[in-house]
Structure formats: structure tokens, C-alpha cells
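**Student:** Input protein.txt, format and content: compact mmCIF, C-alpha atoms.
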```txt
# COMPACT_ATOMS: atom_id res chain seq x y z
CA MET A 1 182.71 123.41 159.59
CA THR A 2 183.14 126.79 161.28
CA GLY A 3 182.48 130.28 159.95
CA ASP A 4 180.20 131.08 157.03
CA PRO A 5 180.26 128.14 154.63
CA THR A 6 180.65 128.56 150.89
CA ILE A 7 178.78 126.25 148.55
CA ALA A 8 179.73 125.89 144.92
CA GLY A 9 178.48 123.82 142.03
CA HIS A 10 177.15 123.94 138.45
CA GLY A 11 178.89 127.29 137.89
CA PHE A 12 177.43 129.07 140.93
CA SER A 13 179.07 129.82 144.26
CA VAL A 14 177.67 131.52 147.35
CA GLN A 15 179.24 132.40 150.66
CA LEU A 16 176.28 131.99 152.97
CA PRO A 17 175.63 134.66 155.60
CA THR A 18 174.86 133.66 159.19
CA ALA A 19 171.70 131.56 159.53
CA TRP A 20 171.35 131.13 155.75
CA GLU A 21 171.59 127.76 154.09
CA GLY A 22 171.58 126.76 150.47
CA ARG A 23 171.35 124.07 147.83
CA ILE A 24 172.74 123.97 144.31
CA TYR A 25 171.48 121.23 142.04
CA ARG A 26 170.59 120.17 138.57
CA ARG A 27 167.77 117.66 138.28
CA ASP A 28 168.44 114.45 136.39
CA ALA A 29 166.81 114.58 132.97
CA PRO A 30 163.59 112.54 133.23
CA SER A 31 163.88 109.28 131.31
CA ILE A 32 160.25 108.23 131.70
CA ALA A 33 157.00 110.13 131.44
CA PHE A 34 154.56 110.63 134.27
CA SER A 35 151.95 107.94 134.64
CA PRO A 36 149.33 107.36 137.34
CA LYS A 37 151.37 104.38 138.49
CA ASN A 38 154.76 106.07 138.98
CA ARG A 39 153.13 109.24 140.28
CA ALA A 40 151.48 107.20 143.04
CA ALA A 41 154.76 105.40 143.75
CA GLY A 42 156.49 108.76 144.22
CA SER A 43 154.43 109.59 147.27
CA THR A 44 155.79 106.66 149.23
CA GLY A 45 158.85 104.43 149.30
CA THR A 46 162.49 105.43 149.02
CA ALA A 47 164.39 107.96 146.92
CA ALA A 48 165.05 105.23 144.35
CA THR A 49 161.33 104.82 143.61
CA GLN A 50 160.48 108.50 143.20
CA ALA A 51 158.29 109.54 140.30
CA PRO A 52 160.06 111.50 137.51
CA ASN A 53 160.49 115.18 138.36
CA GLY A 54 159.90 117.10 135.14
CA TRP A 55 158.68 116.22 131.70
CA LEU A 56 160.08 113.73 129.23
CA GLY A 57 162.71 115.35 127.01
CA GLU A 58 163.29 118.27 129.37
CA GLN A 59 166.79 119.81 129.33
CA THR A 60 167.54 120.45 132.99
CA ARG A 61 169.70 123.37 134.15
CA ALA A 62 171.31 124.57 137.36
CA VAL A 63 169.11 125.76 140.21
CA VAL A 64 170.23 127.57 143.37
CA HIS A 65 168.02 127.74 146.46
CA LEU A 66 168.90 129.93 149.42
CA GLY A 67 166.90 130.58 152.58
CA ASN A 68 167.27 131.71 156.17
CA PHE A 69 165.13 128.82 157.35
CA PRO A 70 165.50 125.01 157.13
CA LEU A 71 165.10 124.10 153.47
CA PRO A 72 163.19 120.82 153.18
CA ALA A 73 164.59 117.90 151.20
CA VAL A 74 161.82 117.98 148.61
CA ARG A 75 161.31 121.32 146.87
CA GLY A 76 160.05 122.51 143.54
CA ASP A 77 162.38 124.65 141.43
CA TYR A 78 160.38 127.73 142.42
CA GLY A 79 160.38 126.80 146.09
CA SER A 80 157.12 124.92 146.46
CA GLY A 81 157.42 122.79 149.56
CA ALA A 82 159.77 125.33 151.14
CA VAL A 83 157.87 128.63 151.04
CA GLU A 84 154.99 127.06 152.95
CA LYS A 85 157.36 126.65 155.90
CA MET A 86 158.45 130.29 155.99
CA THR A 87 157.65 132.69 158.82
CA ALA A 88 157.35 136.46 158.50
CA GLU A 89 161.09 136.79 159.20
CA ASN A 90 162.14 134.38 156.44
CA THR A 91 163.24 134.91 152.88
CA PHE A 92 163.65 132.48 149.99
CA ILE A 93 165.84 133.09 146.95
CA ALA A 94 165.89 130.94 143.80
CA LEU A 95 168.21 131.34 140.83
CA LEU A 96 167.18 129.27 137.82
CA GLU A 97 169.34 128.95 134.75
CA PHE A 98 167.72 128.71 131.34
CA GLY A 99 169.03 127.35 128.05
CA PRO A 100 171.26 129.16 125.54
CA GLU A 101 168.26 129.58 123.23
CA CYS A 102 167.17 132.40 125.59
CA LEU A 103 170.39 134.36 125.08
CA GLY A 104 169.83 137.66 123.35
CA THR A 105 166.08 137.64 123.84
CA ALA A 106 164.38 140.77 125.18
CA LEU A 107 163.33 139.03 128.40
CA TYR A 108 166.94 138.30 129.34
CA GLY A 109 168.28 141.56 127.94
CA SER A 110 169.31 142.94 131.33
CA VAL A 111 172.96 142.16 132.05
CA GLY A 112 174.33 141.36 135.52
CA LEU A 113 172.86 139.93 138.70
CA PRO A 114 170.25 142.50 139.79
CA ARG A 115 169.50 143.81 143.27
CA VAL A 116 165.91 143.70 144.41
CA SER A 117 163.77 146.73 145.12
CA PRO A 118 161.06 146.59 147.85
CA ASP A 119 158.45 148.13 145.57
CA ARG A 120 158.75 145.23 143.11
CA PHE A 121 157.36 142.75 145.63
CA ASP A 122 153.72 141.84 145.28
CA PRO A 123 151.51 139.03 146.60
CA ASN A 124 150.50 138.46 142.97
CA GLY A 125 154.16 137.89 142.14
CA LEU A 126 154.09 134.56 143.93
CA GLN A 127 153.89 131.24 142.15
CA ARG A 128 151.04 130.46 144.55
CA ARG A 129 149.62 133.07 146.91
CA LEU A 130 150.29 132.48 150.59
CA PRO A 131 149.06 134.74 153.42
CA GLY A 132 151.38 137.67 154.13
CA GLN A 133 154.00 136.68 151.55
CA ALA A 134 155.14 138.61 148.50
CA GLY A 135 157.33 137.70 145.58
CA CYS A 136 159.03 139.06 142.52
CA GLN A 137 161.01 137.86 139.52
CA TYR A 138 163.92 139.33 137.61
CA PHE A 139 165.24 137.97 134.31
CA PHE A 140 168.82 138.74 133.34
CA THR A 141 171.98 137.41 131.73
CA GLU A 142 175.16 136.91 133.72
CA GLN A 143 178.36 135.49 132.23
CA SER A 144 176.42 134.53 129.09
CA ARG A 145 173.97 132.49 131.15
CA PRO A 146 170.25 133.42 131.02
CA ILE A 147 168.97 133.34 134.58
CA CYS A 148 165.73 133.97 136.46
CA LEU A 149 165.92 135.36 140.01
CA TYR A 150 162.80 134.58 142.04
CA VAL A 151 162.52 135.94 145.58
CA VAL A 152 159.82 135.29 148.18
CA LEU A 153 159.53 137.43 151.31
CA GLY A 154 157.81 136.01 154.38
CA SER A 155 156.16 139.35 155.06
CA HIS A 156 155.08 141.90 152.46
CA GLN A 157 154.86 144.51 155.24
CA GLN A 158 158.57 144.02 155.98
CA ALA A 159 159.57 144.30 152.31
CA ALA A 160 162.07 147.14 152.85
CA ARG A 161 164.00 145.33 155.59
CA LEU A 162 163.83 141.87 154.02
CA SER A 163 164.80 143.06 150.55
CA ALA A 164 167.91 144.73 152.03
CA GLN A 165 168.69 141.32 153.52
CA VAL A 166 168.21 139.71 150.11
CA ASN A 167 170.59 142.20 148.49
CA ARG A 168 173.28 141.39 151.04
CA VAL A 169 172.98 137.74 150.02
CA LEU A 170 173.00 138.57 146.30
CA ASP A 171 176.30 140.42 146.88
CA ARG A 172 177.83 137.06 147.82
CA ILE A 173 176.77 135.14 144.71
CA LYS A 174 179.23 134.48 141.92
CA VAL A 175 178.32 133.09 138.51
CA ASP A 176 180.96 131.45 136.33
CA ALA A 177 180.96 131.50 132.57
CA PRO A 178 179.66 128.25 131.01
CA MET B 179 193.65 47.23 152.41
CA THR B 180 195.28 48.85 155.45
CA VAL B 181 197.41 51.01 153.20
CA LEU B 182 194.29 52.13 151.29
CA ILE B 183 192.52 53.11 154.52
CA VAL B 184 195.57 55.04 155.72
CA VAL B 185 195.86 56.87 152.39
CA LEU B 186 192.15 57.74 152.41
CA THR B 187 192.35 58.96 156.01
CA VAL B 188 195.30 61.20 155.16
CA MET B 189 193.46 62.55 152.12
CA VAL B 190 190.35 63.31 154.21
CA LEU B 191 192.51 65.07 156.82
CA VAL B 192 194.26 67.16 154.15
CA LEU B 193 190.90 68.08 152.61
CA CYS B 194 189.55 69.06 156.04
CA VAL B 195 192.53 71.36 156.58
CA LEU B 196 191.95 72.91 153.16
CA VAL B 197 188.22 73.47 153.83
CA VAL B 198 188.92 75.06 157.22
CA GLY B 199 191.52 77.33 155.62
CA LEU B 200 189.10 78.38 152.89
CA LEU B 201 186.35 79.11 155.41
CA ARG B 202 188.72 81.26 157.49
CA ALA B 203 189.83 83.18 154.41
CA TYR B 204 186.19 83.68 153.43
CA ALA B 205 185.36 85.00 156.92
CA THR B 206 188.30 87.42 156.78
CA ILE B 207 187.16 88.74 153.38
CA LEU B 208 183.60 89.22 154.68
CA ALA B 209 184.89 91.12 157.72
CA ARG B 210 187.02 93.42 155.53
CA LEU B 211 184.11 94.02 153.15
CA HIS B 212 181.92 94.93 156.12
CA GLN B 213 184.54 97.44 157.27
CA LEU B 214 184.79 98.93 153.78
CA ASP B 215 181.00 99.33 153.72
CA GLY B 216 181.30 101.63 156.72
CA GLY B 217 180.10 98.98 159.14
CA GLY B 218 183.33 98.97 161.11
CA SER B 219 183.10 96.93 164.26
CA GLU B 220 179.50 97.89 164.86
CA THR B 221 176.99 95.61 166.43
CA ALA B 222 173.24 95.84 166.35
CA ALA B 223 173.43 97.95 169.51
CA GLY B 224 175.67 100.54 167.91
CA PRO B 225 179.32 101.19 167.20
CA ALA B 226 181.90 99.66 169.51
CA GLY B 227 183.00 102.05 172.23
CA ALA B 228 180.11 104.46 171.58
CA PRO B 229 178.32 105.67 174.69
CA PRO B 230 174.58 105.27 175.12
CA PHE B 231 172.52 108.39 174.54
CA ARG B 232 173.14 111.08 177.12
CA THR B 233 172.12 114.71 177.49
CA ALA B 234 173.52 117.95 178.85
CA ASP B 235 173.59 118.75 182.58
CA GLY B 236 170.22 119.50 184.04
CA VAL B 237 168.47 117.00 181.83
CA MET B 238 167.50 114.03 183.96
CA PRO B 239 167.40 110.58 182.35
CA MET B 240 164.00 108.96 182.36
CA ASP B 241 164.85 105.83 184.27
CA HIS B 242 166.24 106.12 187.77
CA ALA B 243 168.89 103.45 187.35
CA GLN B 244 170.44 105.51 184.59
CA ALA B 245 170.04 108.63 186.69
CA ARG B 246 172.18 107.15 189.44
CA ALA B 247 174.81 105.77 187.14
CA PRO B 248 177.59 108.19 186.13
CA GLN B 249 177.18 109.29 182.55
CA PRO B 250 179.89 107.91 180.29
CA THR B 251 182.40 110.31 178.85
CA ARG B 252 184.63 109.93 175.86
CA PRO B 253 188.24 110.64 176.66
CA GLY B 254 189.82 113.57 174.85
CA ARG B 255 186.51 115.16 173.96
CA THR B 256 185.45 118.56 175.27
CA GLU B 257 182.23 118.13 177.19
CA TRP B 258 179.30 119.46 175.19
CA ALA B 259 181.41 120.48 172.30
CA ALA B 260 180.64 123.26 169.85
CA ALA B 261 178.35 122.23 167.00
CA HIS B 262 179.14 122.65 163.33
CA ASP B 263 177.15 123.49 160.24
CA ILE B 264 177.05 120.67 157.69
CA VAL B 265 178.15 120.97 154.10
CA GLY B 266 178.11 118.04 151.71
CA HIS B 267 176.22 116.44 148.86
CA GLY B 268 172.73 115.05 148.45
CA LEU B 269 172.00 111.70 146.86
CA SER B 270 171.52 113.20 143.40
CA GLY B 271 174.70 115.29 143.54
CA GLU B 272 173.02 118.36 145.01
CA VAL B 273 175.43 120.67 146.87
CA VAL B 274 173.94 121.04 150.34
CA SER B 275 174.55 123.36 153.27
CA VAL B 276 172.59 122.73 156.47
CA ARG B 277 172.71 125.23 159.33
CA THR B 278 172.72 123.84 162.85
CA VAL B 279 174.39 126.81 164.59
CA THR B 280 172.89 130.29 165.24
CA VAL B 281 169.44 129.11 164.20
CA PRO B 282 166.23 129.29 166.24
CA HIS B 283 165.56 125.54 166.06
CA ASP B 284 167.32 122.49 167.42
CA SER B 285 168.67 119.80 165.08
CA VAL B 286 168.74 116.05 165.46
CA ILE B 287 171.64 114.74 163.39
CA VAL B 288 171.44 111.00 162.72
CA PHE B 289 174.73 109.54 161.50
CA LEU B 290 174.00 106.39 159.49
CA SER B 291 175.62 104.23 156.83
CA SER B 292 174.23 101.92 154.20
CA GLY B 293 176.23 98.92 155.36
CA CYS B 294 175.73 98.87 159.12
CA SER B 295 173.32 96.31 160.50
CA GLY B 296 172.42 98.53 163.45
CA CYS B 297 171.16 101.27 161.12
CA ALA B 298 168.34 99.18 159.59
CA THR B 299 165.81 100.10 162.28
CA PHE B 300 166.69 103.80 161.93
CA TRP B 301 166.08 103.71 158.16
CA GLU B 302 162.75 101.97 158.70
CA GLN B 303 161.67 104.50 161.31
CA LEU B 304 162.71 107.45 159.16
CA ALA B 305 160.24 106.22 156.55
CA ASP B 306 157.49 105.97 159.13
CA PRO B 307 155.77 109.18 160.32
CA ARG B 308 155.39 107.59 163.75
CA GLY B 309 159.15 107.02 163.89
CA LEU B 310 159.88 110.62 162.93
CA ALA B 311 157.35 111.81 165.49
CA ALA B 312 159.73 110.48 168.12
CA VAL B 313 162.03 113.46 167.59
CA GLY B 314 159.27 116.03 167.89
CA ASP B 315 159.30 119.27 165.90
CA ASN B 316 163.06 119.44 165.65
CA ARG B 317 164.85 119.31 162.36
CA VAL B 318 166.09 115.84 161.43
CA VAL B 319 169.14 115.48 159.20
CA VAL B 320 170.66 112.15 158.22
CA VAL B 321 174.39 112.36 157.61
CA THR B 322 176.37 109.61 155.92
CA LYS B 323 179.99 109.61 154.89
CA GLY B 324 180.90 111.23 151.59
CA PRO B 325 180.30 109.69 148.15
CA ASP B 326 183.88 108.34 148.09
CA GLU B 327 183.18 106.25 151.20
CA GLU B 328 179.49 105.45 150.73
CA SER B 329 177.27 103.94 148.10
CA PRO B 330 174.74 106.52 146.85
CA SER B 331 172.75 103.82 145.03
CA ALA B 332 172.43 101.76 148.22
CA LEU B 333 171.43 104.87 150.17
CA ARG B 334 168.80 105.70 147.53
CA GLN B 335 167.20 102.34 148.27
CA LEU B 336 167.19 103.05 152.00
CA CYS B 337 166.42 106.74 152.39
CA PRO B 338 162.85 108.08 152.13
CA PRO B 339 162.72 110.96 149.60
CA ASP B 340 161.39 113.51 152.08
CA VAL B 341 164.22 112.94 154.56
CA ASP B 342 167.13 115.36 154.39
CA LEU B 343 170.27 113.31 153.72
CA VAL B 344 173.71 114.88 153.47
CA MET B 345 176.77 112.89 152.43
CA SER B 346 179.64 114.53 154.31
CA SER B 347 182.75 112.87 155.69
CA ALA B 348 183.74 116.31 157.04
CA ALA B 349 180.67 116.32 159.31
CA TRP B 350 181.67 112.93 160.72
CA ALA B 351 185.11 114.37 161.50
CA ASP B 352 183.73 117.67 162.87
CA TYR B 353 181.44 115.85 165.30
CA ASP B 354 184.03 113.16 166.07
CA VAL B 355 181.49 110.41 165.36
CA PRO B 356 182.79 107.00 166.52
CA GLY B 357 180.61 104.94 164.15
CA SER B 358 177.06 104.38 163.03
CA PRO B 359 174.32 104.56 164.15
CA TYR B 360 175.00 107.68 166.20
CA VAL B 361 172.68 110.55 167.10
CA ILE B 362 173.66 114.10 168.06
CA VAL B 363 171.22 116.77 169.25
CA VAL B 364 172.37 120.35 168.63
CA ASP B 365 171.02 123.37 170.46
CA GLY B 366 170.60 125.90 167.65
CA GLY B 367 170.63 128.95 169.92
CA SER B 368 173.81 128.19 171.83
CA GLY B 369 175.45 126.35 168.94
CA ARG B 370 176.50 123.50 171.19
CA VAL B 371 175.82 119.79 171.36
CA LYS B 372 173.27 119.02 174.05
CA GLY B 373 172.82 115.28 173.66
CA GLU B 374 174.57 112.46 171.88
CA GLY B 375 175.01 108.74 171.79
CA SER B 376 174.02 105.53 170.12
CA GLY B 377 171.06 103.21 170.36
CA THR B 378 169.08 100.62 168.50
CA SER B 379 166.30 102.85 167.17
CA LEU B 380 164.94 106.38 167.13
CA THR B 381 162.17 105.47 169.53
CA GLN B 382 164.65 103.98 171.99
CA ILE B 383 166.45 107.29 172.35
CA SER B 384 163.41 109.50 171.75
CA GLY B 385 162.54 109.74 175.44
CA LEU B 386 165.89 111.23 176.32
CA MET B 387 165.91 113.42 173.24
CA GLN B 388 162.47 114.85 173.97
CA GLN B 389 163.43 115.41 177.58
CA ALA B 390 166.56 117.24 176.46
CA HIS B 391 164.47 119.52 174.25
CA GLY B 392 161.74 119.91 176.86
CA ASP B 393 164.12 120.85 179.65
CA GLY B 394 166.00 123.22 177.40
CA ALA B 395 162.80 124.94 176.42
CA SER B 396 161.62 125.26 179.99
CA SER B 397 164.90 126.34 181.56
CA GLY B 398 163.45 129.75 182.27
CA GLY B 399 161.13 128.40 184.93
CA GLY B 400 158.73 125.98 183.36
CA ARG B 401 156.57 128.42 181.39
CA ARG B 402 157.37 130.37 178.28
CA ILE B 403 157.65 134.05 179.16
CA VAL B 404 155.48 136.29 177.02
CA LYS B 405 157.44 139.50 176.38
CA PRO B 406 156.04 142.84 175.32
CA ARG B 407 156.25 143.19 171.54
CA SER B 408 158.63 146.15 171.78
CA ASP B 409 161.07 144.05 173.85
CA ALA B 410 160.90 141.18 171.39
CA GLU B 411 161.49 143.54 168.45
CA ARG B 412 164.42 145.19 170.25
CA GLU B 413 165.97 141.76 170.89
CA VAL B 414 165.58 140.84 167.23
CA ASP B 415 167.27 144.11 166.23
CA VAL B 416 170.14 143.54 168.66
CA ASP B 417 170.57 139.94 167.49
CA ARG B 418 170.57 141.08 163.88
CA ALA B 419 173.20 143.77 164.55
CA LEU B 420 175.40 141.30 166.41
CA LEU B 421 175.08 138.63 163.73
CA ALA B 422 175.81 141.19 161.00
CA ALA B 423 179.01 142.05 162.88
CA GLY B 424 179.92 138.38 162.94
CA ILE B 425 179.17 137.95 166.64
CA GLY B 426 177.17 134.80 167.33
CA PRO B 427 176.59 132.58 170.35
CA GLY B 428 179.88 131.58 171.91
CA HIS B 429 181.84 134.49 170.41
CA HIS B 430 184.86 135.31 172.56
CA SER B 431 183.95 139.01 172.82
CA LEU B 432 180.83 138.05 174.77
CA TYR B 433 182.97 136.46 177.49
CA PRO B 434 185.58 139.03 178.58
CA SER B 435 188.51 137.65 180.53
CA GLU B 436 188.94 138.45 184.22
CA ASP B 437 191.72 140.96 183.45
CA GLN B 438 189.43 142.89 181.15
CA GLY B 439 186.70 142.87 183.78
CA ARG B 440 188.87 144.57 186.39
```
Can the structure in the file be given as C-alpha cells, please?

**Tutor:**
Amino acid sequence: MTGDPTIAGHGFSVQLPTAWEGRIYRRDAPSIAFSPKNRAAGSTGTAATQAPNGWLGEQTRAVVHLGNFPLPAVRGDYGSGAVEKMTAENTFIALLEFGPECLGTALYGSVGLPRVSPDRFDPNGLQRRLPGQAGCQYFFTEQSRPICLYVVLGSHQQAARLSAQVNRVLDRIKVDAP
Amino acid sequence: MTVLIVVLTVMVLVLCVLVVGLLRAYATILARLHQLDGGGSETAAGPAGAPPFRTADGVMPMDHAQARAPQPTRPGRTEWAAAHDIVGHGLSGEVVSVRTVTVPHDSVIVFLSSGCSGCATFWEQLADPRGLAAVGDNRVVVVTKGPDEESPSALRQLCPPDVDLVMSSAAWADYDVPGSPYVIVVDGGSGRVKGEGSGTSLTQISGLMQQAHGDGASSGGGRRIVKPRSDAEREVDVDRALLAAGIGPGHHSLYPSEDQGR
């Protein structure tokens, strides 16, 4: 594999810039509920014995993770497990698709994949506050798919430079109609 | 009576021939199934024809006997070939892209399969923090062949959940992997392979791997040079500008030909 790779799946495609890597996935719908027993089993053993990831009855949707650092194998949808490994130079982007019931709602009223603005980033915008980091969320609809864009910057002080980097990556994302 | 004994003897001989034939057919089927499982002609010591682990020039092997012996080469392969990024699928169908080139870290790529007997120790060590500690702070990626040539359900039973596993037949072809188990160490900065080979376990090859990383890190004279902040920032800016222009390590424009130099 030479040149910038393109990854595609679940209706998303991204041509990754240099040093960026990505994952596109859709979690299996959980078939069993959490219990102390299977939760404990999930911390050890093999992939086959992992505890269910999500809640019983959940309708899972496509998730895209992009980062200019090594993305770990185990990550939460909003990047938990990955953002802890970021340095000040790193950026994490997550695109999370939501169900058709969100179409037409005010939250997803904005149409088209947005570009981020440095002044939108805030340490309080993170799922969990981490020193130096800042995050922000945008909700929008693209190709009749309600989507949440969640971005984490490794350094709030470098928001202008890192958000320009994020926008260059967003330029390379394509969303297909369902 | 004599006739009966002769008839019985003939029958026993015929039965013996039949049993031997069946056993041979059974052995042939087992061998073919092993090949289909991705085991190939591997032994517990690694794939047939695969060299033992070796590292780039300037990295001395740990034992002196190996230091004196010429390092094996694989015919037709460019010495310390260019590395490749890896694109494939995870065990749950996730589309995965792993960067090994133009990144600030080194990568240890472990090529394994679910059916090879020599891979068992690697799988066990990947599940053990002490086994993973053998490769230091470098990124570890397990690469198997693609879903059409591997069994995801068997791999799910073998692979620990926190280990990055990519199913990619293209990566096997890109790195010209002779069989499993096989380990390749990639220098992220230069984008080239700096160590590769087979072995029986991660710990067996860890000494050479760590020495490869250690020598690479200390190639500037044994101690890390602390640069003024302004220099470091300028270097980052230059790197960023070059990368944005599509110029990475190994780009031909960085190595002008002799004619251009005159």
C-alpha cells in the first residue's frame, strides 16, 4: 500500500492525509445485557469472550474514527481509550450516525458536513476533561443521514492550527446516501 | 485346511493394503487442510525458507556466534525494503487503516495465522502483558490474511481484544511475507523495514528487536540531543510543509541525481 490510503465502509469514505489513520465500523447489536459476570469476563480473555458493548435492544449505526496518532484496538464511540493517548500535536475526529428518527429535528437541522471553527473548542466540550485538550460537537444532516461530528484537539492553545488540520481532513470525507 | 489358511492369508494381505491406502489418503487430506488453513509448510520454528530474525546494518546481534555468521538474505528482495501502510478489516468487519510510514513511532508487525502451529506461542504472549513488554513501547499490529483466506471466528478465539489485528492479504503481499509466524519491524521515520524474520516466540526475537530500536534511537551518538525549542518548532513547520506537499521520507526529490547536482 503506497500513497494516501482510502478507507470506505458503511456509506462513508475518507482519503487519509499523510500520518492519519482511520477506522469505520458498526458495532454488532448487543444480544445480551450487561451482568457482573460478563463485564468481568470482558476485561480478560480473547475477543470472543468480550462483554457486550452497548445496551440490549440498541440499534447500532456507522461510526468513523480518524486520528493522526495510533488508534488503539479498543475505543469507545466518542474516542475513550484513544484520546488518552494523544499528545499536544494530535487530533481525533469521530463521525457518528444516528437513526432516521432524528431526521428533521432541530438538532440535526444543519445540512452538509460542517467545517470546524477554533473558537468552538472548549475543554468543557470534551466527553471527559483531559489536561490541555479541547473538544466540540456539531450535529448535521448529510445525504439524509443524521450525523454527529465530535472533534478533540490535543492542545487547546493550538486550536487555530489544529482546527485548520481538521478541516483539511473533513474536505476528504464523503458520505453516501442510505 | 491348507487352502483355508492360504485364503485367509490373502484376505489379510488385501486388507492390510487397503488400510495402508486409507491411512495415506487420510494423511494427504490432513496435509491439504493444513495448507488451506494458512499453515503451509510451516514448522514450529517458523515458515520453511524464512530467515531467522535479523536487523539493519549497524545493529549488532546479541550473541557473538550470530554476529560472525553472515546474515541470511532472501533472493530477489531489495535489502531493507520500503515499508507500507496497512489497510484491511478487523475481526468484527471494521474497516481499518494502520499507518507505519511517515509516523514518529516504530511498528512491530506480527504476521500470524489461526492454523499455524508455530503461531500458538505468539498468540499466548500477545495476551500476556509480559509478552507484549518484549517489544517495548513500539506499536504492535497483528496481521493475518484476509477474511477470504482466514477464519475470523477462529481468530476471535485466539486474539486478545486489546490487540490490534488487521486481516489483510494485501499487507502479506506488500511485505512479501513467506509464511507465518513472521515479524517485521518498521522504522516510522524513514519508512523502511529495519528488522525482519521468524522465530518461535516474541521473547525469542525481542532481544534483537529491542537492540534494533535502541541502536536506531541512539544513532546520533548515544544520547538524545536536546534542541532549542525554536529549532524543534522550525523542524516541525518544515516537516509539515513538506508532508503537505506530498514529500515524505524517501521521496525522490530529496535525492537529486548526480547530473542535477553538477

**Student:** Write out as number ranges by chain which residues come within 8 Å of Ile93 (chain A) when counting only C-alpha atoms, dropping same-chain ones fewer than 3 positions away.

**Tutor:** A: 64-67, 149-152, 166

**Student:** I'd like the contact shell of region 120-122 of chain A - 12 Å cut-off, all atoms listed in the file, skipping same-chain residues fewer than 5 positions apart - returned as a list in words.

**Tutor:** Arg115, Gln127, Arg128, Arg129, Leu130, Pro131, Gly132, Gln133, Ala134, Gly135, Cys136, Gln137, Tyr138, Tyr150, Val151, Val152, Leu153, Gly154, Ser155, His156, Gln157, Gln158, Ala159, Ala160, Leu162 and Ser163 of chain A

**Student:** Write out as a tab-separated table a residue-level contact list of chain B versus chain A with cut-off 8 Å: for each qualifying residue the closest pair of atoms and the distance in Å to one decimal, counting all atoms listed in the file, rows sorted by chain and residue number upward.

**Tutor:**
```
residue	atom	partner	partner_atom	distance
B:His262	CA	A:Met1	CA	5.2
B:Asp263	CA	A:Met1	CA	5.6
B:Ile264	CA	A:Met1	CA	6.6
B:Val265	CA	A:Pro5	CA	7.5
B:Ser270	CA	A:Arg27	CA	7.8
B:Gly271	CA	A:Tyr25	CA	6.9
B:Glu272	CA	A:Tyr25	CA	4.4
B:Val273	CA	A:Ile24	CA	5.0
B:Val274	CA	A:Arg23	CA	4.7
B:Ser275	CA	A:Gly22	CA	5.3
B:Val276	CA	A:Glu21	CA	5.7
B:Arg277	CA	A:Glu21	CA	5.9
B:Val279	CA	A:Ala19	CA	7.4
B:Thr280	CA	A:Ala19	CA	6.0
B:Val281	CA	A:Ala19	CA	5.7
B:Ala305	CA	A:Gly45	CA	7.6
B:Arg317	CA	A:Pro70	CA	7.8
B:Ser331	CA	A:Ala48	CA	7.9
B:Arg334	CA	A:Ala48	CA	4.9
B:Gln335	CA	A:Ala48	CA	5.3
B:Leu336	CA	A:Thr46	CA	6.1
B:Cys337	CA	A:Thr46	CA	5.3
B:Pro338	CA	A:Thr46	CA	4.1
B:Pro339	CA	A:Ala47	CA	4.4
B:Asp340	CA	A:Ala73	CA	5.5
B:Val341	CA	A:Ala73	CA	6.0
B:Asp342	CA	A:Ala73	CA	4.8
B:Leu343	CA	A:Ala73	CA	7.7
B:Ala348	CA	A:Met1	CA	7.6
B:Ala349	CA	A:Met1	CA	7.4
B:Asp352	CA	A:Met1	CA	6.7
B:Leu421	CA	A:Thr18	CA	6.7
B:Ala422	CA	A:Thr18	CA	7.8
B:Gly424	CA	A:Thr18	CA	7.9
```

**Student:** Could you tell me how far CA of Asn90 (chain A) sits from CA of Gly369 (chain B), in Å to one decimal place?

**Tutor:**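 Between CA of Gly369 (chain B) and CA of Asn90 (chain A) the gap works out to 19.9 Å.
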
**Student:** To one decimal place, how far is CA of Leu96 (chain A) from CA of Val169 (chain A) in Å?

**Tutor:** 15.9 Å

**Student:** What is the distance between CA of Gln382 (chain B) and CA of Met345 (chain B), in Å to one decimal?

**Tutor:**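 A separation of 24.7 Å between them.
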
**Student:** Mind writing region 352-368 of chain B to a file for me, with N, CA and C atoms, as a compact mmCIF listing (two decimals), in the first residue's frame?

**Tutor:**
```txt
# COMPACT_ATOMS: atom_id res chain seq x y z
N ASP B 352 2.42 -7.03 0.13
CA ASP B 352 3.28 -5.83 0.14
C ASP B 352 4.62 -6.11 0.82
N TYR B 353 4.55 -6.85 1.94
CA TYR B 353 5.77 -7.12 2.71
C TYR B 353 6.46 -8.43 2.28
N ASP B 354 5.87 -9.09 1.27
CA ASP B 354 6.48 -10.31 0.73
C ASP B 354 6.74 -11.32 1.86
N VAL B 355 5.71 -11.57 2.65
CA VAL B 355 5.85 -12.45 3.81
C VAL B 355 5.86 -13.91 3.35
N PRO B 356 6.89 -14.67 3.73
CA PRO B 356 6.99 -16.06 3.24
C PRO B 356 6.04 -17.02 3.94
N GLY B 357 5.57 -16.70 5.12
CA GLY B 357 4.68 -17.60 5.87
C GLY B 357 4.58 -17.12 7.29
N SER B 358 3.84 -17.84 8.11
CA SER B 358 3.66 -17.39 9.49
C SER B 358 4.28 -18.42 10.44
N PRO B 359 4.78 -18.01 11.60
CA PRO B 359 4.85 -16.64 12.09
C PRO B 359 6.01 -15.87 11.46
N TYR B 360 5.83 -14.57 11.29
CA TYR B 360 6.87 -13.74 10.72
C TYR B 360 6.74 -12.34 11.32
N VAL B 361 7.86 -11.73 11.67
CA VAL B 361 7.82 -10.43 12.34
C VAL B 361 8.63 -9.42 11.52
N ILE B 362 8.05 -8.25 11.32
CA ILE B 362 8.74 -7.18 10.61
C ILE B 362 8.73 -5.92 11.48
N VAL B 363 9.89 -5.30 11.63
CA VAL B 363 9.98 -4.05 12.38
C VAL B 363 10.16 -2.92 11.38
N VAL B 364 9.28 -1.92 11.46
CA VAL B 364 9.32 -0.80 10.52
C VAL B 364 9.77 0.46 11.24
N ASP B 365 10.73 1.15 10.63
CA ASP B 365 11.17 2.44 11.14
C ASP B 365 10.20 3.49 10.62
N GLY B 366 9.41 4.08 11.51
CA GLY B 366 8.36 5.00 11.09
C GLY B 366 8.90 6.25 10.42
N GLY B 367 10.05 6.74 10.89
CA GLY B 367 10.62 7.97 10.35
C GLY B 367 11.11 7.81 8.92
N SER B 368 11.88 6.75 8.69
CA SER B 368 12.45 6.55 7.35
C SER B 368 11.47 5.82 6.43
```
